[in-house]
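For reference, the structure discussed in these notes is given below.
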Amino acid sequence: MSKHSLKDGSGYLIIDHSESPGIDPSDIPEKLRSTTNIVGPNQVFEADVQFCAHCGSQVILNPKRTRPRGYCSKCNHYICDNPICNKECAPLKQLLDKAERSIIKTGNIILTDK
Amino acid sequence: MARWAAAIPSWTPVAVADTTNMTDNGHQTIQGGSTTQRGELREVYLGGQAGASSPTFMVLGRNSTVGATLTAARLAALDPSTAALAAPPTNYAASTTKPQRSSTLGMLLNLSFNAFGGVVRWVNGPDEIVSYLGNTASLGELSLNAFTGGTPGLLGSNIIFETL
């Protein structure tokens, strides 16, 4: 089936703090600051979600984002902000296919091309 | 193929750092049933049950060390006509060899919320893939656990996935 928009086939995330004190930004661990949705008290966050075509981590399509979103023209898919994923096209699906073929052929996961 | 529900109705996550042994009953992990089995996540639901404010930084990701000698938790097919698998995947929270979250692949989903009244529901898109493959590190397990920080609180979790 053809894909009309990059958002086609997105997943869905809801964080419902309508009856909860929510998350205070100061509580968020340093390593999670860039990926945590700060949903305050009595707030509900809903967004489309996709996955980085290269590493498989979550990409939340935050409608309030102003920076350009990562995109791979070879995969025709959103990618995350990780610099490694923005450097070259290395799709996760290709890696999984390679791992699956390797398991079937050898019984082990061998990901090198040799 | 068949869809399965892996639920743990009430548990308190124990926060751990990457590549550190997880604590029994402080995580929820799904391990593939055989060296070739592939399964895809469809939905993750977390319902907070804490009695006081509990910022809980839940992450779902891959393990660089997989559990061994597992104590199986609930796993039920969604469709009553689902045929039994010769090698079913295992939903577990306790094991002799403890799983460890990968430092590179350990955070595919950030599901942070407040377990005092908060609810998180993530549904995978039809074109997206979050899968496990086999039953060895680092692709053979997907685990739901708490990242270091916050005050993890009591919650109930349900993971729906499909074996392929």
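Residues in the structure tokens are named by chain (A, B, ... in the order shown) and by number from 1 within that chain; ligands are numbered from 1 in the order shown.
Residues in contact range of segment 100-107 of chain A, defined as at most 12 Å between only C-alpha atoms, with sequence neighbours fewer than 6 positions away removed, read A:Lys93, A:Gln94, A:Asp113, A:Lys114, B:Ser34, B:Thr35, B:Thr36, B:Gln37, B:Arg38, B:Ser131, B:Tyr132, B:Leu133, B:Gly134, B:Asn135, B:Thr136, B:Leu139, B:Gly140.
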Restricted to C-alpha atoms, what would the selected residues look like written as a short mmCIF file (atom, residue, chain, number, x, y, z; two decimals), in the first residue's frame?
data_model
loop_
_atom_site.label_atom_id
_atom_site.label_comp_id
_atom_site.auth_asym_id
_atom_site.auth_seq_id
_atom_site.Cartn_x
_atom_site.Cartn_y
_atom_site.Cartn_z
CA LYS A 93 14.54 -3.70 9.49
CA GLN A 94 17.56 -4.63 7.35
CA ASP A 113 28.93 -9.16 5.70
CA LYS A 114 31.88 -11.58 5.46
CA SER B 34 13.09 -20.21 20.66
CA THR B 35 16.21 -19.14 18.81
CA THR B 36 14.20 -18.25 15.71
CA GLN B 37 10.96 -16.88 17.14
CA ARG B 38 10.02 -13.32 16.27
CA SER B 131 10.12 -6.73 17.91
CA TYR B 132 12.15 -9.37 19.62
CA LEU B 133 14.02 -12.02 17.69
CA GLY B 134 15.23 -15.29 19.16
CA ASN B 135 15.88 -15.63 22.87
CA THR B 136 19.44 -14.42 23.27
CA LEU B 139 17.45 -8.91 20.43
CA GLY B 140 15.73 -11.77 22.24
#
Compile a residue-level contact table for chain A against chain B at a cut-off of 7 Å, reporting for every qualifying residue the shortest atom pair and its distance in Å to one decimal, with only C-alpha atoms counted, rows ordered by chain and ascending number, as JSON lines.
{"residue": "A:Gly9", "atom": "CA", "partner": "B:Asp127", "partner_atom": "CA", "distance": 5.0}
{"residue": "A:Ser10", "atom": "CA", "partner": "B:Gly125", "partner_atom": "CA", "distance": 4.5}
{"residue": "A:Gly11", "atom": "CA", "partner": "B:Gly125", "partner_atom": "CA", "distance": 3.5}
{"residue": "A:Tyr12", "atom": "CA", "partner": "B:Val123", "partner_atom": "CA", "distance": 5.0}
{"residue": "A:Leu13", "atom": "CA", "partner": "B:Trp122", "partner_atom": "CA", "distance": 4.4}
{"residue": "A:Ile14", "atom": "CA", "partner": "B:Arg121", "partner_atom": "CA", "distance": 5.3}
{"residue": "A:Ile15", "atom": "CA", "partner": "B:Val120", "partner_atom": "CA", "distance": 4.5}
{"residue": "A:Asp16", "atom": "CA", "partner": "B:Val119", "partner_atom": "CA", "distance": 5.0}
{"residue": "A:His17", "atom": "CA", "partner": "B:Gly118", "partner_atom": "CA", "distance": 4.8}
{"residue": "A:Glu19", "atom": "CA", "partner": "B:Gly117", "partner_atom": "CA", "distance": 5.5}
{"residue": "A:Ser20", "atom": "CA", "partner": "B:Gly117", "partner_atom": "CA", "distance": 4.6}
{"residue": "A:Pro21", "atom": "CA", "partner": "B:Ser53", "partner_atom": "CA", "distance": 6.6}
{"residue": "A:Gly22", "atom": "CA", "partner": "B:Asn114", "partner_atom": "CA", "distance": 5.3}
{"residue": "A:Ile23", "atom": "CA", "partner": "B:Pro55", "partner_atom": "CA", "distance": 5.9}
{"residue": "A:Asp27", "atom": "CA", "partner": "B:Gly150", "partner_atom": "CA", "distance": 5.9}
{"residue": "A:Ile28", "atom": "CA", "partner": "B:Gly150", "partner_atom": "CA", "distance": 7.0}
{"residue": "A:Pro29", "atom": "CA", "partner": "B:Gly149", "partner_atom": "CA", "distance": 5.6}
{"residue": "A:Thr35", "atom": "CA", "partner": "B:Asn110", "partner_atom": "CA", "distance": 6.8}
{"residue": "A:Thr36", "atom": "CA", "partner": "B:Asn110", "partner_atom": "CA", "distance": 6.5}
{"residue": "A:Gln50", "atom": "CA", "partner": "B:Glu128", "partner_atom": "CA", "distance": 6.6}
{"residue": "A:Phe51", "atom": "CA", "partner": "B:Glu128", "partner_atom": "CA", "distance": 6.5}
{"residue": "A:Gly56", "atom": "CA", "partner": "B:Leu108", "partner_atom": "CA", "distance": 6.4}
{"residue": "A:Ser57", "atom": "CA", "partner": "B:Leu108", "partner_atom": "CA", "distance": 4.1}
{"residue": "A:Gln58", "atom": "CA", "partner": "B:Leu109", "partner_atom": "CA", "distance": 5.5}
{"residue": "A:Ile103", "atom": "CA", "partner": "B:Thr36", "partner_atom": "CA", "distance": 6.5}
Exercise for the section: Please report, as a PyMOL selection string, each residue of segment 64-117 of chain B to which DSSP assigns strand (DSSP E or B) when run on this structure's backbone. Expected result: chain B and resi 64-65+68-72+76-77+90-97+100-101+109-110+113-114
Would you save the residues from that selection as a PDB file, in the first residue's frame, using C-alpha atoms?
ATOM      1  CA  SER B  64      22.131  -6.989  26.839  1.00  0.00           C
ATOM      2  CA  THR B  65      22.030  -9.867  29.329  1.00  0.00           C
ATOM      3  CA  ALA B  68      17.833 -17.648  32.642  1.00  0.00           C
ATOM      4  CA  THR B  69      15.838 -20.121  34.724  1.00  0.00           C
ATOM      5  CA  LEU B  70      12.735 -18.009  34.457  1.00  0.00           C
ATOM      6  CA  THR B  71       9.661 -17.984  36.683  1.00  0.00           C
ATOM      7  CA  ALA B  72       6.868 -17.534  34.181  1.00  0.00           C
ATOM      8  CA  ALA B  76      -2.767 -15.502  27.657  1.00  0.00           C
ATOM      9  CA  ALA B  77      -3.812 -15.692  24.021  1.00  0.00           C
ATOM     10  CA  THR B  90       7.901 -16.228  28.442  1.00  0.00           C
ATOM     11  CA  ASN B  91       6.557 -13.284  30.393  1.00  0.00           C
ATOM     12  CA  TYR B  92       8.597 -13.111  33.597  1.00  0.00           C
ATOM     13  CA  ALA B  93       9.597 -10.912  36.494  1.00  0.00           C
ATOM     14  CA  ALA B  94      11.816 -13.332  38.418  1.00  0.00           C
ATOM     15  CA  SER B  95      14.742 -15.471  37.321  1.00  0.00           C
ATOM     16  CA  THR B  96      17.942 -16.999  38.590  1.00  0.00           C
ATOM     17  CA  THR B  97      20.166 -15.139  36.126  1.00  0.00           C
ATOM     18  CA  GLN B 100      20.285  -6.361  32.353  1.00  0.00           C
ATOM     19  CA  ARG B 101      19.093  -3.397  30.322  1.00  0.00           C
ATOM     20  CA  LEU B 109      10.087   3.642  24.605  1.00  0.00           C
ATOM     21  CA  ASN B 110      10.063   6.237  27.354  1.00  0.00           C
ATOM     22  CA  PHE B 113       4.409   9.019  34.278  1.00  0.00           C
ATOM     23  CA  ASN B 114       3.249   9.577  37.817  1.00  0.00           C
TER      24      ASN B 114
END
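Across the structure, atom CA of Lys74 of chain A and atom CA of Leu164 of chain B are spaced 26.7 Å apart.
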Exercise for the section: Check the smallest atom-to-atom distance from each of B:Ile30, B:Leu144, B:Ala84, B:Leu78 to Ala5 of chain B using only C-alpha atoms, then report the winner. Expected result: B:Leu78
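Here the residues within chain A that DSSP labels helix (DSSP H, G or I) on the basis of the backbone are Pro25, Ser26, Asp27, Glu30, Lys31, Leu32, Pro83, Ile84, Cys85, Asn86, Lys87, Leu92, Lys93, Gln94, Leu95, Leu96, Asp97, Lys98, Ala99, Glu100, Arg101, Ser102, Ile103, Ile104, Lys105 and Thr106 of chain A.
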Since we have the selection now, will you write its residues out, keeping C-alpha atoms, as a PDB file, in the first residue's frame?
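So out06.pdb came out as:
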ATOM      1  CA  PRO A  25      10.645  18.685  35.325  1.00  0.00           C
ATOM      2  CA  SER A  26      13.091  18.763  38.239  1.00  0.00           C
ATOM      3  CA  ASP A  27      12.377  15.086  38.964  1.00  0.00           C
ATOM      4  CA  GLU A  30      19.460  13.900  33.289  1.00  0.00           C
ATOM      5  CA  LYS A  31      19.635  11.073  30.734  1.00  0.00           C
ATOM      6  CA  LEU A  32      15.882  11.119  30.139  1.00  0.00           C
ATOM      7  CA  PRO A  83      23.613  12.061  15.545  1.00  0.00           C
ATOM      8  CA  ILE A  84      24.555   8.462  14.657  1.00  0.00           C
ATOM      9  CA  CYS A  85      21.127   7.892  13.105  1.00  0.00           C
ATOM     10  CA  ASN A  86      21.486  11.118  11.134  1.00  0.00           C
ATOM     11  CA  LYS A  87      24.923  10.199   9.770  1.00  0.00           C
ATOM     12  CA  LEU A  92      16.825  -1.546  11.662  1.00  0.00           C
ATOM     13  CA  LYS A  93      14.542  -3.701   9.492  1.00  0.00           C
ATOM     14  CA  GLN A  94      17.561  -4.626   7.348  1.00  0.00           C
ATOM     15  CA  LEU A  95      19.506  -5.570  10.487  1.00  0.00           C
ATOM     16  CA  LEU A  96      16.645  -7.742  11.763  1.00  0.00           C
ATOM     17  CA  ASP A  97      16.286  -9.454   8.379  1.00  0.00           C
ATOM     18  CA  LYS A  98      20.030 -10.128   8.348  1.00  0.00           C
ATOM     19  CA  ALA A  99      19.881 -11.509  11.901  1.00  0.00           C
ATOM     20  CA  GLU A 100      16.907 -13.733  11.031  1.00  0.00           C
ATOM     21  CA  ARG A 101      18.647 -15.108   7.923  1.00  0.00           C
ATOM     22  CA  SER A 102      21.794 -15.724   9.932  1.00  0.00           C
ATOM     23  CA  ILE A 103      19.899 -17.618  12.649  1.00  0.00           C
ATOM     24  CA  ILE A 104      18.162 -19.815  10.086  1.00  0.00           C
ATOM     25  CA  LYS A 105      21.406 -20.550   8.214  1.00  0.00           C
ATOM     26  CA  THR A 106      23.907 -20.883  11.058  1.00  0.00           C
TER      27      THR A 106
END
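Straight-line separation from atom CA of His4 of chain A to atom CA of Lys64 of chain A: 22.3 Å.
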Exercise for the section: Tell me, as a PyMOL selection string, which residues lie within 12 Å of Leu75 of chain B, counting only C-alpha atoms; anything in the same chain fewer than 6 positions away does not count. Expected result: chain B and resi 3-9+28-31+84-85+88-92+158-162
Suppose we keep N, CA and C atoms; can you now write the selection as an mmCIF file, in the first residue's frame?
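For reference, result30.cif as written:
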data_model
loop_
_atom_site.group_PDB
_atom_site.id
_atom_site.type_symbol
_atom_site.label_atom_id
_atom_site.label_comp_id
_atom_site.auth_asym_id
_atom_site.auth_seq_id
_atom_site.Cartn_x
_atom_site.Cartn_y
_atom_site.Cartn_z
ATOM 1 N N ARG B 3 -2.140 -13.135 18.836
ATOM 2 C CA ARG B 3 -1.803 -12.068 19.772
ATOM 3 C C ARG B 3 -1.908 -12.587 21.198
ATOM 4 N N TRP B 4 -0.982 -12.109 22.022
ATOM 5 C CA TRP B 4 -0.908 -12.575 23.401
ATOM 6 C C TRP B 4 -0.897 -11.381 24.343
ATOM 7 N N ALA B 5 -1.473 -11.568 25.517
ATOM 8 C CA ALA B 5 -1.445 -10.536 26.550
ATOM 9 C C ALA B 5 -0.547 -11.008 27.687
ATOM 10 N N ALA B 6 0.441 -10.187 28.005
ATOM 11 C CA ALA B 6 1.350 -10.482 29.114
ATOM 12 C C ALA B 6 1.090 -9.439 30.185
ATOM 13 N N ALA B 7 0.429 -9.843 31.243
ATOM 14 C CA ALA B 7 0.022 -8.884 32.271
ATOM 15 C C ALA B 7 0.685 -9.190 33.604
ATOM 16 N N ILE B 8 0.997 -8.135 34.323
ATOM 17 C CA ILE B 8 1.362 -8.267 35.739
ATOM 18 C C ILE B 8 0.489 -7.240 36.455
ATOM 19 N N PRO B 9 -0.498 -7.704 37.202
ATOM 20 C CA PRO B 9 -1.552 -6.804 37.681
ATOM 21 C C PRO B 9 -1.111 -5.761 38.699
ATOM 22 N N GLN B 28 9.316 -6.198 34.203
ATOM 23 C CA GLN B 28 8.525 -7.156 33.419
ATOM 24 C C GLN B 28 9.268 -7.389 32.112
ATOM 25 N N THR B 29 9.538 -8.634 31.799
ATOM 26 C CA THR B 29 10.338 -8.951 30.620
ATOM 27 C C THR B 29 9.678 -10.049 29.801
ATOM 28 N N ILE B 30 9.760 -9.906 28.490
ATOM 29 C CA ILE B 30 9.277 -10.948 27.585
ATOM 30 C C ILE B 30 10.474 -11.512 26.842
ATOM 31 N N GLN B 31 10.619 -12.809 26.929
ATOM 32 C CA GLN B 31 11.729 -13.483 26.243
ATOM 33 C C GLN B 31 11.174 -14.398 25.158
ATOM 34 N N ALA B 84 -1.874 -23.658 20.639
ATOM 35 C CA ALA B 84 -0.753 -23.587 21.582
ATOM 36 C C ALA B 84 0.557 -23.622 20.811
ATOM 37 N N LEU B 85 1.505 -22.817 21.238
ATOM 38 C CA LEU B 85 2.799 -22.790 20.568
ATOM 39 C C LEU B 85 3.683 -23.892 21.139
ATOM 40 N N PRO B 88 6.363 -21.402 23.501
ATOM 41 C CA PRO B 88 5.772 -20.088 23.760
ATOM 42 C C PRO B 88 6.798 -19.119 24.343
ATOM 43 N N PRO B 89 6.638 -17.824 24.064
ATOM 44 C CA PRO B 89 7.501 -16.844 24.723
ATOM 45 C C PRO B 89 7.202 -16.825 26.217
ATOM 46 N N THR B 90 8.100 -16.254 26.990
ATOM 47 C CA THR B 90 7.901 -16.228 28.442
ATOM 48 C C THR B 90 7.775 -14.789 28.931
ATOM 49 N N ASN B 91 6.723 -14.541 29.681
ATOM 50 C CA ASN B 91 6.557 -13.284 30.393
ATOM 51 C C ASN B 91 7.055 -13.557 31.806
ATOM 52 N N TYR B 92 8.071 -12.804 32.265
ATOM 53 C CA TYR B 92 8.597 -13.111 33.597
ATOM 54 C C TYR B 92 9.042 -11.854 34.335
ATOM 55 N N ASN B 158 0.344 -4.170 31.271
ATOM 56 C CA ASN B 158 -0.137 -5.165 30.314
ATOM 57 C C ASN B 158 0.554 -4.908 28.977
ATOM 58 N N ILE B 159 1.171 -5.938 28.441
ATOM 59 C CA ILE B 159 1.843 -5.825 27.147
ATOM 60 C C ILE B 159 1.141 -6.764 26.178
ATOM 61 N N ILE B 160 0.703 -6.235 25.055
ATOM 62 C CA ILE B 160 0.091 -7.087 24.026
ATOM 63 C C ILE B 160 1.088 -7.212 22.883
ATOM 64 N N PHE B 161 1.371 -8.424 22.481
ATOM 65 C CA PHE B 161 2.307 -8.646 21.389
ATOM 66 C C PHE B 161 1.828 -9.785 20.512
ATOM 67 N N GLU B 162 2.465 -9.891 19.376
ATOM 68 C CA GLU B 162 2.045 -10.883 18.381
ATOM 69 C C GLU B 162 3.251 -11.726 17.995
#
Fill in the blank from the handout: A straight line from atom CA of Pro13 of chain B to atom CA of Ala146 of chain B spans 5.7 Å
